[in-house]
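Visitor: Sending over input.cif (mmCIF, C-alpha atoms and all ligand atoms).
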```cif
data_my_file
#
loop_
_atom_site.label_atom_id
_atom_site.label_comp_id
_atom_site.auth_asym_id
_atom_site.auth_seq_id
_atom_site.Cartn_x
_atom_site.Cartn_y
_atom_site.Cartn_z
CA MET A 1 -151.16 -53.19 74.64
CA LYS A 2 -150.92 -55.29 71.51
CA LYS A 3 -149.17 -53.76 68.53
CA ARG A 4 -151.28 -53.42 65.41
CA ILE A 5 -149.41 -54.79 62.42
CA LEU A 6 -150.31 -54.47 58.76
CA LEU A 7 -148.82 -57.25 56.66
CA LEU A 8 -148.59 -56.40 52.96
CA ALA A 9 -148.22 -59.25 50.48
CA GLY A 10 -148.49 -60.05 46.78
CA GLY A 11 -147.56 -56.93 44.86
CA GLN A 12 -147.05 -55.97 41.27
CA SER A 13 -143.80 -57.76 40.47
CA GLY A 14 -143.06 -61.14 38.91
CA GLU A 15 -142.52 -62.38 42.47
CA HIS A 16 -146.19 -61.90 43.49
CA GLU A 17 -146.75 -65.62 44.15
CA VAL A 18 -143.50 -65.98 46.08
CA SER A 19 -144.61 -63.13 48.34
CA LEU A 20 -147.99 -64.78 49.02
CA MET A 21 -146.19 -67.95 50.13
CA SER A 22 -143.89 -65.99 52.44
CA ALA A 23 -146.83 -64.01 53.87
CA ARG A 24 -148.75 -67.15 54.79
CA SER A 25 -145.83 -68.27 56.95
CA VAL A 26 -145.33 -64.88 58.60
CA LEU A 27 -149.05 -64.53 59.29
CA ALA A 28 -149.07 -67.88 61.06
CA ALA A 29 -145.98 -67.07 63.09
CA LEU A 30 -146.53 -63.55 64.48
CA PRO A 31 -147.39 -64.21 68.15
CA ARG A 32 -151.03 -63.15 68.70
CA ASP A 33 -150.49 -62.35 72.37
CA GLN A 34 -148.25 -59.49 71.19
CA PHE A 35 -149.66 -58.50 67.83
CA ASP A 36 -152.99 -57.77 66.19
CA VAL A 37 -152.29 -58.60 62.57
CA THR A 38 -154.18 -57.51 59.48
CA ALA A 39 -153.09 -58.76 56.07
CA VAL A 40 -153.70 -56.90 52.85
CA VAL A 41 -152.83 -58.50 49.54
CA ILE A 42 -151.84 -56.12 46.75
CA SER A 43 -152.98 -57.45 43.38
CA LYS A 44 -150.74 -57.62 40.33
CA GLN A 45 -152.55 -54.50 39.10
CA GLY A 46 -151.43 -52.67 42.25
CA ARG A 47 -154.82 -52.55 43.98
CA TRP A 48 -155.13 -53.24 47.70
CA LEU A 49 -157.66 -56.06 48.10
CA PRO A 50 -160.44 -55.96 50.73
CA PRO A 51 -160.37 -58.57 53.55
CA THR A 52 -162.39 -61.34 51.85
CA ASP A 53 -160.39 -61.15 48.61
CA THR A 54 -157.17 -60.96 50.60
CA GLN A 55 -158.12 -64.09 52.56
CA ARG A 56 -158.95 -65.92 49.35
CA ALA A 57 -155.68 -64.87 47.68
CA LEU A 58 -153.68 -66.11 50.66
CA GLU A 59 -155.51 -69.43 50.67
CA THR A 60 -155.50 -70.08 46.95
CA GLY A 61 -152.38 -68.21 45.90
CA LEU A 62 -154.46 -66.26 43.35
CA SER A 63 -155.47 -62.60 43.49
CA VAL A 64 -158.64 -61.28 41.90
CA GLN A 65 -159.08 -57.93 40.17
CA GLY A 66 -160.59 -54.90 41.93
CA GLY A 67 -159.58 -53.29 45.24
CA ASP A 68 -158.43 -49.80 46.18
CA LEU A 69 -155.69 -47.68 44.74
CA VAL A 70 -152.56 -47.71 46.88
CA LEU A 71 -152.77 -44.04 47.77
CA HIS A 72 -156.34 -44.33 49.06
CA ARG A 73 -155.15 -46.95 51.51
CA ALA A 74 -152.05 -45.09 52.62
CA ALA A 75 -154.10 -42.84 54.87
CA SER A 76 -155.91 -45.75 56.49
CA ALA A 77 -152.56 -47.44 57.20
CA GLU A 78 -152.15 -44.71 59.83
CA GLY A 79 -154.07 -46.84 62.31
CA TYR A 80 -151.20 -49.33 62.48
CA ASP A 81 -148.14 -49.35 64.73
CA ALA A 82 -146.00 -50.94 62.04
CA VAL A 83 -146.22 -52.29 58.53
CA PHE A 84 -144.49 -55.48 57.35
CA PRO A 85 -144.10 -54.98 53.59
CA LEU A 86 -143.45 -58.60 52.66
CA LEU A 87 -143.19 -57.71 48.98
CA HIS A 88 -140.46 -58.77 46.58
CA GLY A 89 -139.20 -56.96 43.52
CA PRO A 90 -140.28 -53.66 41.95
CA MET A 91 -143.11 -51.71 43.67
CA GLY A 92 -142.41 -53.40 46.97
CA GLU A 93 -138.74 -54.08 47.64
CA ASP A 94 -137.45 -51.08 45.71
CA GLY A 95 -138.22 -48.10 47.93
CA THR A 96 -141.62 -47.22 46.48
CA ILE A 97 -143.80 -48.62 49.29
CA GLN A 98 -141.07 -47.56 51.71
CA GLY A 99 -141.42 -43.98 50.46
CA MET A 100 -145.18 -44.05 50.89
CA LEU A 101 -144.89 -45.39 54.44
CA THR A 102 -142.20 -42.85 55.28
CA LEU A 103 -144.49 -40.04 54.07
CA ALA A 104 -147.35 -41.47 56.10
CA GLY A 105 -145.07 -41.63 59.18
CA ILE A 106 -145.60 -45.35 59.80
CA PRO A 107 -142.70 -47.53 60.98
CA PHE A 108 -142.06 -50.52 58.75
CA VAL A 109 -139.95 -53.66 58.63
CA GLY A 110 -136.80 -53.57 56.54
CA SER A 111 -134.70 -51.04 54.69
CA GLY A 112 -135.79 -47.47 54.01
CA VAL A 113 -136.06 -45.74 50.65
CA LEU A 114 -132.33 -45.47 50.02
CA GLY A 115 -131.28 -48.99 51.01
CA SER A 116 -134.25 -50.57 49.26
CA ALA A 117 -133.85 -48.66 46.00
CA VAL A 118 -130.10 -49.08 45.71
CA SER A 119 -130.15 -52.77 46.67
CA MET A 120 -132.97 -53.54 44.22
CA ASP A 121 -131.00 -52.24 41.26
CA LYS A 122 -128.16 -54.61 40.48
CA VAL A 123 -126.11 -51.88 38.77
CA MET A 124 -126.45 -49.33 41.58
CA THR A 125 -125.61 -52.07 44.08
CA LYS A 126 -122.45 -52.93 42.15
CA GLN A 127 -121.41 -49.28 41.95
CA VAL A 128 -121.88 -48.65 45.66
CA LEU A 129 -120.19 -51.90 46.68
CA ALA A 130 -117.28 -51.28 44.32
CA SER A 131 -116.65 -47.96 46.03
CA ALA A 132 -116.71 -49.82 49.35
CA GLY A 133 -113.98 -52.14 48.00
CA ILE A 134 -116.14 -55.27 47.94
CA PRO A 135 -115.08 -57.85 45.30
CA GLN A 136 -117.57 -58.53 42.49
CA VAL A 137 -117.62 -59.81 38.89
CA ALA A 138 -117.00 -57.35 36.03
CA TRP A 139 -120.19 -55.83 34.65
CA ARG A 140 -121.66 -53.37 32.13
CA LEU A 141 -124.94 -51.42 32.14
CA ALA A 142 -127.20 -51.04 29.11
CA VAL A 143 -130.46 -49.09 28.90
CA ARG A 144 -133.35 -49.97 26.62
CA ARG A 145 -132.99 -46.91 24.41
CA GLU A 146 -129.37 -47.84 23.61
CA TRP A 147 -130.44 -51.36 22.69
CA GLN A 148 -133.08 -49.93 20.35
CA ASP A 149 -130.95 -47.19 18.77
CA ARG A 150 -127.37 -48.45 18.95
CA PRO A 151 -127.39 -52.25 19.41
CA GLU A 152 -123.79 -52.55 18.17
CA GLU A 153 -122.56 -50.61 21.19
CA VAL A 154 -124.37 -52.95 23.54
CA ARG A 155 -122.98 -55.99 21.72
CA GLU A 156 -119.48 -54.51 22.10
CA ARG A 157 -119.95 -54.19 25.84
CA ALA A 158 -120.84 -57.88 25.94
CA ALA A 159 -117.76 -58.75 23.87
CA GLU A 160 -115.57 -56.83 26.34
CA LEU A 161 -116.77 -59.09 29.13
CA GLY A 162 -116.33 -62.29 27.11
CA TYR A 163 -118.47 -65.43 27.09
CA PRO A 164 -120.23 -67.03 28.83
CA LEU A 165 -121.89 -64.05 30.46
CA PHE A 166 -125.13 -63.34 32.29
CA VAL A 167 -127.80 -60.91 31.11
CA LYS A 168 -130.25 -59.73 33.77
CA PRO A 169 -132.98 -57.13 34.19
CA ALA A 170 -131.42 -54.73 36.73
CA ASN A 171 -134.50 -54.61 38.97
CA LEU A 172 -135.94 -58.07 39.44
CA GLY A 173 -135.44 -61.24 41.45
CA SER A 174 -136.13 -64.98 41.53
CA SER A 175 -133.98 -65.26 38.36
CA VAL A 176 -136.89 -63.90 36.30
CA GLY A 177 -135.61 -62.70 32.91
CA ILE A 178 -132.04 -63.92 33.50
CA SER A 179 -130.09 -65.74 30.77
CA LYS A 180 -126.73 -67.40 30.73
CA VAL A 181 -125.39 -66.43 27.32
CA HIS A 182 -122.93 -69.01 26.03
CA ASP A 183 -121.78 -67.15 22.90
CA ALA A 184 -122.59 -64.13 20.73
CA THR A 185 -125.37 -65.98 18.84
CA GLU A 186 -127.47 -66.10 22.02
CA LEU A 187 -126.94 -62.48 23.02
CA ASP A 188 -129.75 -60.69 21.16
CA ALA A 189 -132.49 -63.00 22.42
CA ALA A 190 -131.25 -62.62 26.00
CA LEU A 191 -131.19 -58.82 25.72
CA ASP A 192 -134.65 -58.74 24.12
CA MET A 193 -136.05 -60.77 27.00
CA ALA A 194 -134.37 -58.70 29.71
CA PHE A 195 -135.39 -55.40 28.10
CA GLY A 196 -138.95 -56.71 27.91
CA LEU A 197 -138.90 -56.64 31.72
CA ASP A 198 -136.76 -53.62 32.59
CA ARG A 199 -135.42 -50.36 31.16
CA ARG A 200 -132.04 -51.14 32.70
CA VAL A 201 -130.14 -54.34 32.02
CA ILE A 202 -126.89 -55.58 33.51
CA LEU A 203 -124.39 -57.71 31.64
CA GLU A 204 -122.12 -59.69 33.94
CA ALA A 205 -118.98 -61.67 33.35
CA MET A 206 -119.43 -65.20 34.57
CA THR A 207 -117.21 -66.43 37.37
CA LYS A 208 -114.28 -68.45 35.95
CA HIS A 209 -115.81 -71.74 37.10
CA LYS A 210 -119.35 -72.64 38.12
CA PRO A 211 -119.38 -70.97 41.53
CA ARG A 212 -120.49 -72.35 44.86
CA GLU A 213 -123.48 -70.25 45.95
CA VAL A 214 -123.30 -69.15 49.54
CA GLU A 215 -125.67 -66.87 51.40
CA VAL A 216 -125.69 -65.13 54.73
CA GLY A 217 -128.43 -63.40 56.68
CA VAL A 218 -127.97 -59.99 58.26
CA LEU A 219 -130.27 -58.79 61.05
CA GLY A 220 -130.35 -55.43 62.81
CA ASN A 221 -130.34 -51.71 62.18
CA ASP A 222 -127.16 -49.75 62.88
CA ALA A 223 -125.46 -52.61 64.78
CA PRO A 224 -126.35 -55.59 62.58
CA ILE A 225 -125.34 -59.21 63.15
CA ALA A 226 -124.57 -61.88 60.56
CA SER A 227 -125.98 -65.41 60.61
CA PRO A 228 -124.00 -68.57 59.91
CA VAL A 229 -123.29 -69.08 56.19
CA GLY A 230 -125.56 -71.34 54.14
CA GLU A 231 -124.99 -72.95 50.76
CA LEU A 232 -127.25 -74.02 47.92
CA SER A 233 -126.42 -76.93 45.67
CA PHE A 234 -128.24 -77.98 42.51
CA GLU A 235 -127.75 -79.79 39.22
CA ALA A 236 -128.97 -77.01 36.89
CA GLU A 237 -126.53 -74.88 34.91
CA PHE A 238 -127.37 -71.94 37.16
CA TYR A 239 -129.83 -71.17 39.95
CA ASP A 240 -132.82 -70.38 37.74
CA TYR A 241 -136.50 -69.92 38.61
CA LYS A 242 -137.36 -73.58 38.18
CA THR A 243 -134.49 -74.71 40.38
CA LYS A 244 -135.45 -72.16 43.02
CA TYR A 245 -139.10 -73.09 43.27
CA THR A 246 -139.39 -76.77 42.32
CA GLU A 247 -139.36 -79.03 45.35
CA GLY A 248 -136.22 -81.16 45.40
CA HIS A 249 -134.29 -79.25 42.71
CA ALA A 250 -132.00 -77.44 45.14
CA GLN A 251 -130.53 -78.47 48.48
CA MET A 252 -129.77 -76.16 51.35
CA HIS A 253 -126.71 -76.79 53.51
CA ILE A 254 -126.42 -74.97 56.84
CA PRO A 255 -123.73 -74.32 57.81
CA ALA A 256 -121.90 -74.37 54.48
CA LYS A 257 -118.87 -76.65 54.46
CA LEU A 258 -116.22 -73.97 54.11
CA PRO A 259 -112.90 -73.28 55.81
CA LYS A 260 -113.63 -71.16 58.88
CA GLU A 261 -111.56 -68.34 57.47
CA VAL A 262 -113.74 -68.19 54.32
CA SER A 263 -117.00 -68.20 56.31
CA GLU A 264 -115.72 -65.39 58.47
CA ARG A 265 -114.71 -63.38 55.41
CA ILE A 266 -118.23 -63.87 53.98
CA ARG A 267 -119.91 -62.73 57.18
CA GLU A 268 -117.64 -59.69 57.47
CA LEU A 269 -118.22 -58.67 53.82
CA ALA A 270 -121.99 -59.10 54.26
CA LEU A 271 -121.99 -56.69 57.20
CA GLN A 272 -119.86 -54.20 55.25
CA ALA A 273 -122.27 -54.40 52.30
CA PHE A 274 -125.33 -53.99 54.55
CA LYS A 275 -123.82 -50.81 55.99
CA ALA A 276 -122.55 -49.45 52.66
CA LEU A 277 -126.04 -49.81 51.16
CA ASP A 278 -127.74 -48.30 54.24
CA CYS A 279 -129.87 -51.40 54.78
CA ALA A 280 -132.01 -51.86 57.88
CA GLY A 281 -133.86 -54.70 59.56
CA LEU A 282 -132.87 -57.59 57.37
CA ALA A 283 -131.06 -58.58 54.22
CA ARG A 284 -129.79 -61.78 52.68
CA VAL A 285 -126.40 -61.23 51.11
CA ASP A 286 -125.50 -63.72 48.38
CA PHE A 287 -121.98 -64.61 47.30
CA PHE A 288 -120.19 -66.71 44.73
CA TYR A 289 -117.29 -68.72 46.07
CA VAL A 290 -114.95 -70.02 43.40
CA ALA A 291 -113.16 -72.81 45.22
CA GLU A 292 -110.61 -73.38 42.41
CA THR A 293 -109.20 -69.89 42.84
CA ASP A 294 -110.33 -69.22 46.43
CA GLU A 295 -112.20 -66.21 45.08
CA LEU A 296 -115.11 -64.67 46.93
CA LEU A 297 -117.42 -62.37 44.98
CA LEU A 298 -120.50 -60.61 46.29
CA ASN A 299 -123.42 -61.31 43.92
CA GLU A 300 -126.39 -59.42 45.33
CA VAL A 301 -128.20 -58.10 48.37
CA ASN A 302 -131.88 -58.96 48.84
CA THR A 303 -133.59 -56.57 51.24
CA MET A 304 -136.77 -58.66 51.46
CA PRO A 305 -135.60 -62.24 50.93
CA GLY A 306 -137.90 -65.25 50.55
CA PHE A 307 -139.56 -65.79 53.90
CA THR A 308 -141.39 -69.11 54.10
CA THR A 309 -140.51 -71.32 57.06
CA THR A 310 -138.23 -73.31 54.74
CA SER A 311 -136.56 -70.30 53.08
CA MET A 312 -132.83 -69.72 53.47
CA TYR A 313 -133.00 -66.50 55.53
CA PRO A 314 -135.16 -67.83 58.40
CA LYS A 315 -133.26 -71.15 58.30
CA LEU A 316 -129.95 -69.32 58.72
CA PHE A 317 -131.15 -67.58 61.86
CA GLU A 318 -132.76 -70.75 63.14
CA ALA A 319 -129.26 -72.25 62.97
CA ALA A 320 -128.15 -69.29 65.09
CA GLY A 321 -130.77 -70.16 67.71
CA LEU A 322 -133.60 -67.81 66.70
CA SER A 323 -136.89 -69.55 65.88
CA TYR A 324 -139.02 -68.39 62.95
CA SER A 325 -141.52 -66.77 65.28
CA GLU A 326 -138.79 -65.09 67.36
CA LEU A 327 -137.28 -63.81 64.12
CA VAL A 328 -140.48 -62.15 62.84
CA THR A 329 -141.04 -60.65 66.30
CA ARG A 330 -137.49 -59.28 66.28
CA LEU A 331 -138.07 -57.74 62.84
CA VAL A 332 -141.14 -55.86 64.08
CA GLU A 333 -139.16 -54.67 67.12
CA LEU A 334 -136.39 -53.44 64.83
CA ALA A 335 -138.99 -51.55 62.77
CA LEU A 336 -140.23 -49.81 65.91
CA GLU A 337 -136.67 -49.07 67.07
CA LYS A 338 -135.68 -47.45 63.77
CA ARG A 339 -135.65 -43.64 63.36
P1 LIG B 401 -131.84 -62.85 41.26
O1 LIG B 401 -131.89 -61.53 41.94
O2 LIG B 401 -132.94 -63.02 40.30
O3 LIG B 401 -131.69 -63.99 42.24
P2 LIG B 401 -129.00 -63.26 40.63
O4 LIG B 401 -128.13 -62.12 40.24
O5 LIG B 401 -128.82 -63.79 41.99
O6 LIG B 401 -130.50 -62.85 40.35
O7 LIG B 401 -128.75 -64.42 39.57
C1 LIG B 401 -129.46 -65.65 39.65
C2 LIG B 401 -128.51 -66.83 39.53
O8 LIG B 401 -127.80 -66.79 38.28
C3 LIG B 401 -127.41 -66.89 40.56
O9 LIG B 401 -127.87 -67.45 41.76
C4 LIG B 401 -126.37 -67.77 39.85
O10 LIG B 401 -126.75 -69.14 39.84
C5 LIG B 401 -126.46 -67.27 38.43
N1 LIG B 401 -125.54 -66.16 38.17
C6 LIG B 401 -125.89 -64.86 38.11
N2 LIG B 401 -124.83 -64.08 37.83
C7 LIG B 401 -123.77 -64.89 37.70
C8 LIG B 401 -122.39 -64.68 37.41
N3 LIG B 401 -121.91 -63.45 37.16
N4 LIG B 401 -121.55 -65.77 37.37
C9 LIG B 401 -122.04 -67.01 37.62
N5 LIG B 401 -123.33 -67.27 37.90
C10 LIG B 401 -124.20 -66.24 37.93
MG MG B 402 -132.18 -61.12 43.96
MG MG B 403 -130.13 -64.24 43.51
#
```
Starting from the file, give its structure as structure tokens.
Ligand code: ADP
Ligand code: MG
Ligand code: MG

Guide:
Amino acid sequence: MKKRILLLAGGQSGEHEVSLMSARSVLAALPRDQFDVTAVVISKQGRWLPPTDTQRALETGLSVQGGDLVLHRAASAEGYDAVFPLLHGPMGEDGTIQGMLTLAGIPFVGSGVLGSAVSMDKVMTKQVLASAGIPQVAWRLAVRREWQDRPEEVRERAAELGYPLFVKPANLGSSVGISKVHDATELDAALDMAFGLDRRVILEAMTKHKPREVEVGVLGNDAPIASPVGELSFEAEFYDYKTKYTEGHAQMHIPAKLPKEVSERIRELALQAFKALDCAGLARVDFFYVAETDELLLNEVNTMPGFTTTSMYPKLFEAAGLSYSELVTRLVELALEKR
């Protein structure tokens, strides 16, 4: 019998549009001889759109207002064999939807509550990975209340790291709200912007040189495998939103031109991180490689990475011999195998 799959897309985060693009590709690729697929787009207000509005949002990339409250729909999700929460960022990639689906007893693609929540928060990720001995840049946490009440303390934390540094909302993606701060005069504006988007902000020392940005895909549950390593190259000062999503601004290189020993180290560290964070299904683990010093630093773990047919994660597994459609099928199988 065909498996009934509910594909969730859109969502309340700044990565709503990115999710709609990914969902279009997944929807087209799930083999219909195996799966009955229903898509539901979640609007930016957090409402689950009915079929006609969902269809329109997927076609036009725009979601209308209206729809049901999430919790009203949770019960009806019971009719599905598995859910594919193709949502990025807060309220989708952060353990919230995962918690709802866990309560409802429905298998779903990707990490559970713990792995999703910890991996979404850049500070929690750094803390867990540090205790697993994985190399990372130096960082400091600041919370909004501290910035409001005791800004000098936050400025001191930045000074400890030195300039340039990066200021980022702890729970976001797609480089939304991230600034490269060149000196102390730029710090306040960067913190104001980041705190406008999140209660928790991470300050990060910059790598000593502009790093090479290398990424690896991990696939599996308790016995995960790592893909070949890919690299992104671009002209911009860092990999910002515009560079990520403007055609032609960034180039993908698979496999990355790295000494074999470095690629193997990256793949091994990615698997260690996946396990340390209790991830499941899939994750894209991103690293900085500083060629000048042969330094490898883990940057972040994305538990629901960009998923269009031209996105890095599917391309990495394609290079390993798994087609896009085989990959999405495998992800659903992994969801059903979990537990
Ligand atoms: P997101 O989750 O939004 O992708 P990242 O932490 O990956 O956020 O940061 C986005 C980009 O900013 C990185 O791909 C890199 O280009 C740059 N960047 C972030 N942190 C650092 C850092 N500590 N040193 C050097 N570059 C950084
Ligand atoms: Mg990210
Ligand atoms: Mg990133």

Visitor: When you count only C-alpha atoms and all ligand atoms, which of these residues is closest to ligand MG 403 (chain B): A:Lys208, A:Lys257, A:Lys275, A:Lys168?

Guide: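 Result for the nearest residue to ligand MG 403 (chain B): A:Lys168.
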
Visitor: How would you report the residues lying within 7 Å of ligand LIG 401 (chain B), as a list in words, if you count all atoms listed in the file?

Guide: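 Result of the 7 Å neighbour search around ligand LIG 401 (chain B): Val137, Leu165, Phe166, Leu172, Gly173, Ser174, Ser175, Val176, Ile178, Glu204, Ala205, Met206, Thr207, Lys210, Pro211, Glu213, Phe238, Tyr239, Asp240, Asn299 and Glu300 of chain A.
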
Visitor: Identify which of the residues A:Phe317, A:Tyr241, A:Tyr80, A:Phe35 lies closest to Val218 of chain A, counting all atoms listed in the file when measuring atom-to-atom distances.

Guide: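 Checking each candidate against Val218 of chain A, we get A:Phe317 as the closest.
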
Visitor: Excluding segment 319-332 of chain A and any residue of its chain fewer than 3 positions from it, enumerate the residues within 10 Å of it, using all atoms listed in the file, and give them as a VMD selection string.

Guide: chain A and resid 3 5 25 to 31 34 to 35 81 to 84 107 to 110 219 to 221 226 to 230 254 to 255 280 to 282 307 to 310 313 to 316 335 to 337

Visitor: Which distance in Å separates atom CA of Arg145 of chain A and atom CA of Lys180 of chain A, to one decimal?

Guide: 22.3 Å

Visitor: With only C-alpha atoms and all ligand atoms counted, collect every polymer residue having an atom within 10 Å of ligand MG 402 (chain B); state the result as number ranges by chain.

Guide: A: 88-89, 119-122, 170-176, 284-286, 299-306

Visitor: Restrict the selected residues to C-alpha atoms and save them as a short mmCIF file (atom, residue, chain, number, x, y, z; two decimals), in the frame of the given file.

Guide:
```cif
data_model
loop_
_atom_site.label_atom_id
_atom_site.label_comp_id
_atom_site.auth_asym_id
_atom_site.auth_seq_id
_atom_site.Cartn_x
_atom_site.Cartn_y
_atom_site.Cartn_z
CA HIS A 88 -140.46 -58.77 46.58
CA GLY A 89 -139.20 -56.96 43.52
CA SER A 119 -130.15 -52.77 46.67
CA MET A 120 -132.97 -53.54 44.22
CA ASP A 121 -131.00 -52.24 41.26
CA LYS A 122 -128.16 -54.61 40.48
CA ALA A 170 -131.42 -54.73 36.73
CA ASN A 171 -134.50 -54.61 38.97
CA LEU A 172 -135.94 -58.07 39.44
CA GLY A 173 -135.44 -61.24 41.45
CA SER A 174 -136.13 -64.98 41.53
CA SER A 175 -133.98 -65.26 38.36
CA VAL A 176 -136.89 -63.90 36.30
CA ARG A 284 -129.79 -61.78 52.68
CA VAL A 285 -126.40 -61.23 51.11
CA ASP A 286 -125.50 -63.72 48.38
CA ASN A 299 -123.42 -61.31 43.92
CA GLU A 300 -126.39 -59.42 45.33
CA VAL A 301 -128.20 -58.10 48.37
CA ASN A 302 -131.88 -58.96 48.84
CA THR A 303 -133.59 -56.57 51.24
CA MET A 304 -136.77 -58.66 51.46
CA PRO A 305 -135.60 -62.24 50.93
CA GLY A 306 -137.90 -65.25 50.55
#
```

Visitor: If you count only C-alpha atoms, which residues fall within 9 Å of Leu129 of chain A, apart from same-chain ones fewer than 2 positions away, as a PyMOL selection string?

Guide: chain A and resi 124-127+131-136+272-273+276-277+298

Visitor: Restrict the selected residues to C-alpha atoms and save them as a JSON list (two decimals), keeping the file's coordinate frame.

Guide:
```
[["chain", "number", "residue", "atom", "x", "y", "z"],
["A", 124, "MET", "CA", -126.45, -49.33, 41.58],
["A", 125, "THR", "CA", -125.61, -52.07, 44.08],
["A", 126, "LYS", "CA", -122.45, -52.93, 42.15],
["A", 127, "GLN", "CA", -121.41, -49.28, 41.95],
["A", 131, "SER", "CA", -116.65, -47.96, 46.03],
["A", 132, "ALA", "CA", -116.71, -49.82, 49.35],
["A", 133, "GLY", "CA", -113.98, -52.14, 48.00],
["A", 134, "ILE", "CA", -116.14, -55.27, 47.94],
["A", 135, "PRO", "CA", -115.08, -57.85, 45.30],
["A", 136, "GLN", "CA", -117.57, -58.53, 42.49],
["A", 272, "GLN", "CA", -119.86, -54.20, 55.25],
["A", 273, "ALA", "CA", -122.27, -54.40, 52.30],
["A", 276, "ALA", "CA", -122.55, -49.45, 52.66],
["A", 277, "LEU", "CA", -126.04, -49.81, 51.16],
["A", 298, "LEU", "CA", -120.50, -60.61, 46.29]]
```

Visitor: From the list A:Thr96, A:Ser111, A:Thr243, A:Gln148, which residue is nearest ligand MG 403 (chain B) when using only C-alpha atoms and all ligand atoms?

Guide: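 The closest residue to ligand MG 403 (chain B) is A:Thr243.
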
Visitor: Between atom CA of Ala104 of chain A and atom CA of Arg47 of chain A, what distance in Å does the model show, to one decimal?

Guide: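 Atom CA of Arg47 of chain A lies 18.0 Å from atom CA of Ala104 of chain A.
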
Visitor: What does the distance from atom CA of Val118 of chain A to atom CA of Asp278 of chain A come to in Å, to one decimal?

Guide: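 Atom CA of Asp278 of chain A lies at a distance of 8.9 Å from atom CA of Val118 of chain A.
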
Visitor: Each residue of segment 34-113 of chain A with at least one atom at most 10 Å from segment 13-19 of chain A should appear once, together with its nearest atom pair and the corresponding distance in Å (one decimal); atoms considered: only C-alpha atoms; ordering: chain, then increasing residue number; output as a Markdown table.

Guide:
```
| residue | atom | partner | partner_atom | distance |
| --- | --- | --- | --- | --- |
| A:Val41 | CA | A:Ser19 | CA | 9.5 |
| A:Ile42 | CA | A:His16 | CA | 8.7 |
| A:Ser43 | CA | A:His16 | CA | 8.1 |
| A:Lys44 | CA | A:Ser13 | CA | 6.9 |
| A:Gln45 | CA | A:Ser13 | CA | 9.4 |
| A:Gly46 | CA | A:Ser13 | CA | 9.3 |
| A:Ala57 | CA | A:Glu17 | CA | 9.6 |
| A:Leu58 | CA | A:Glu17 | CA | 9.5 |
| A:Gly61 | CA | A:Glu17 | CA | 6.4 |
| A:Leu62 | CA | A:Glu17 | CA | 7.8 |
| A:Ser63 | CA | A:Glu17 | CA | 9.3 |
| A:Pro85 | CA | A:Ser19 | CA | 9.7 |
| A:Leu86 | CA | A:Ser19 | CA | 6.4 |
| A:Leu87 | CA | A:Ser19 | CA | 5.6 |
| A:His88 | CA | A:Glu15 | CA | 5.8 |
| A:Gly89 | CA | A:Ser13 | CA | 5.6 |
| A:Pro90 | CA | A:Ser13 | CA | 5.6 |
| A:Met91 | CA | A:Ser13 | CA | 6.9 |
| A:Gly92 | CA | A:Ser13 | CA | 7.9 |
| A:Glu93 | CA | A:Ser13 | CA | 9.5 |
```

Visitor: Give the answer as one residue: which of A:Met252, A:Val154, A:Leu161, A:Met100 has the shortest atom-to-atom distance to Arg212 of chain A, using all atoms listed in the file?

Guide: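 Answer, going by the shortest atom-to-atom distance: A:Met252.
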
Visitor: Let me make sure I understand: among A:Met1, A:Ala142, A:Val64, A:Met21, which one has the smallest atom-to-atom distance to Tyr245 of chain A if we use all atoms listed in the file?

Guide: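 Of the candidates, the smallest distance to Tyr245 of chain A is held by A:Met21.
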
Visitor: Could you tell me which of A:Arg24, A:Asp53, A:Glu268, A:Phe234 comes closest to Asp68 of chain A if we count all atoms listed in the file?

Guide: A:Asp53

Visitor: Counting all atoms listed in the file, what is within 12 Å of Glu156 of chain A, bar same-chain residues fewer than 5 positions away, as a list in words?

Guide: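 My reading of the contact set: Arg140, Leu141, Ala142, Trp147, Arg150, Pro151, Leu161, Gly162, Ala184, Leu187 and Leu203 of chain A.
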
Visitor: Give me segment 158-164 of chain A with N, CA and C atoms filled in, as a PDB file, keeping the file's coordinate frame.

Guide:
```
ATOM      1  N   ALA A 158    -120.791 -56.444  25.626  1.00  0.00           N
ATOM      2  CA  ALA A 158    -120.840 -57.880  25.940  1.00  0.00           C
ATOM      3  C   ALA A 158    -119.503 -58.525  25.548  1.00  0.00           C
ATOM      4  N   ALA A 159    -119.017 -58.168  24.357  1.00  0.00           N
ATOM      5  CA  ALA A 159    -117.760 -58.750  23.870  1.00  0.00           C
ATOM      6  C   ALA A 159    -116.602 -58.420  24.820  1.00  0.00           C
ATOM      7  N   GLU A 160    -116.633 -57.215  25.391  1.00  0.00           N
ATOM      8  CA  GLU A 160    -115.570 -56.830  26.340  1.00  0.00           C
ATOM      9  C   GLU A 160    -115.538 -57.766  27.550  1.00  0.00           C
ATOM     10  N   LEU A 161    -116.712 -58.208  27.958  1.00  0.00           N
ATOM     11  CA  LEU A 161    -116.770 -59.090  29.130  1.00  0.00           C
ATOM     12  C   LEU A 161    -116.365 -60.510  28.775  1.00  0.00           C
ATOM     13  N   GLY A 162    -116.635 -60.925  27.542  1.00  0.00           N
ATOM     14  CA  GLY A 162    -116.330 -62.290  27.110  1.00  0.00           C
ATOM     15  C   GLY A 162    -117.451 -63.250  27.470  1.00  0.00           C
ATOM     16  N   TYR A 163    -117.410 -64.438  26.879  1.00  0.00           N
ATOM     17  CA  TYR A 163    -118.470 -65.430  27.090  1.00  0.00           C
ATOM     18  C   TYR A 163    -117.935 -66.618  27.892  1.00  0.00           C
ATOM     19  N   PRO A 164    -118.814 -67.339  28.609  1.00  0.00           N
ATOM     20  CA  PRO A 164    -120.230 -67.030  28.830  1.00  0.00           C
ATOM     21  C   PRO A 164    -120.413 -65.797  29.718  1.00  0.00           C
TER      22      PRO A 164
END
```
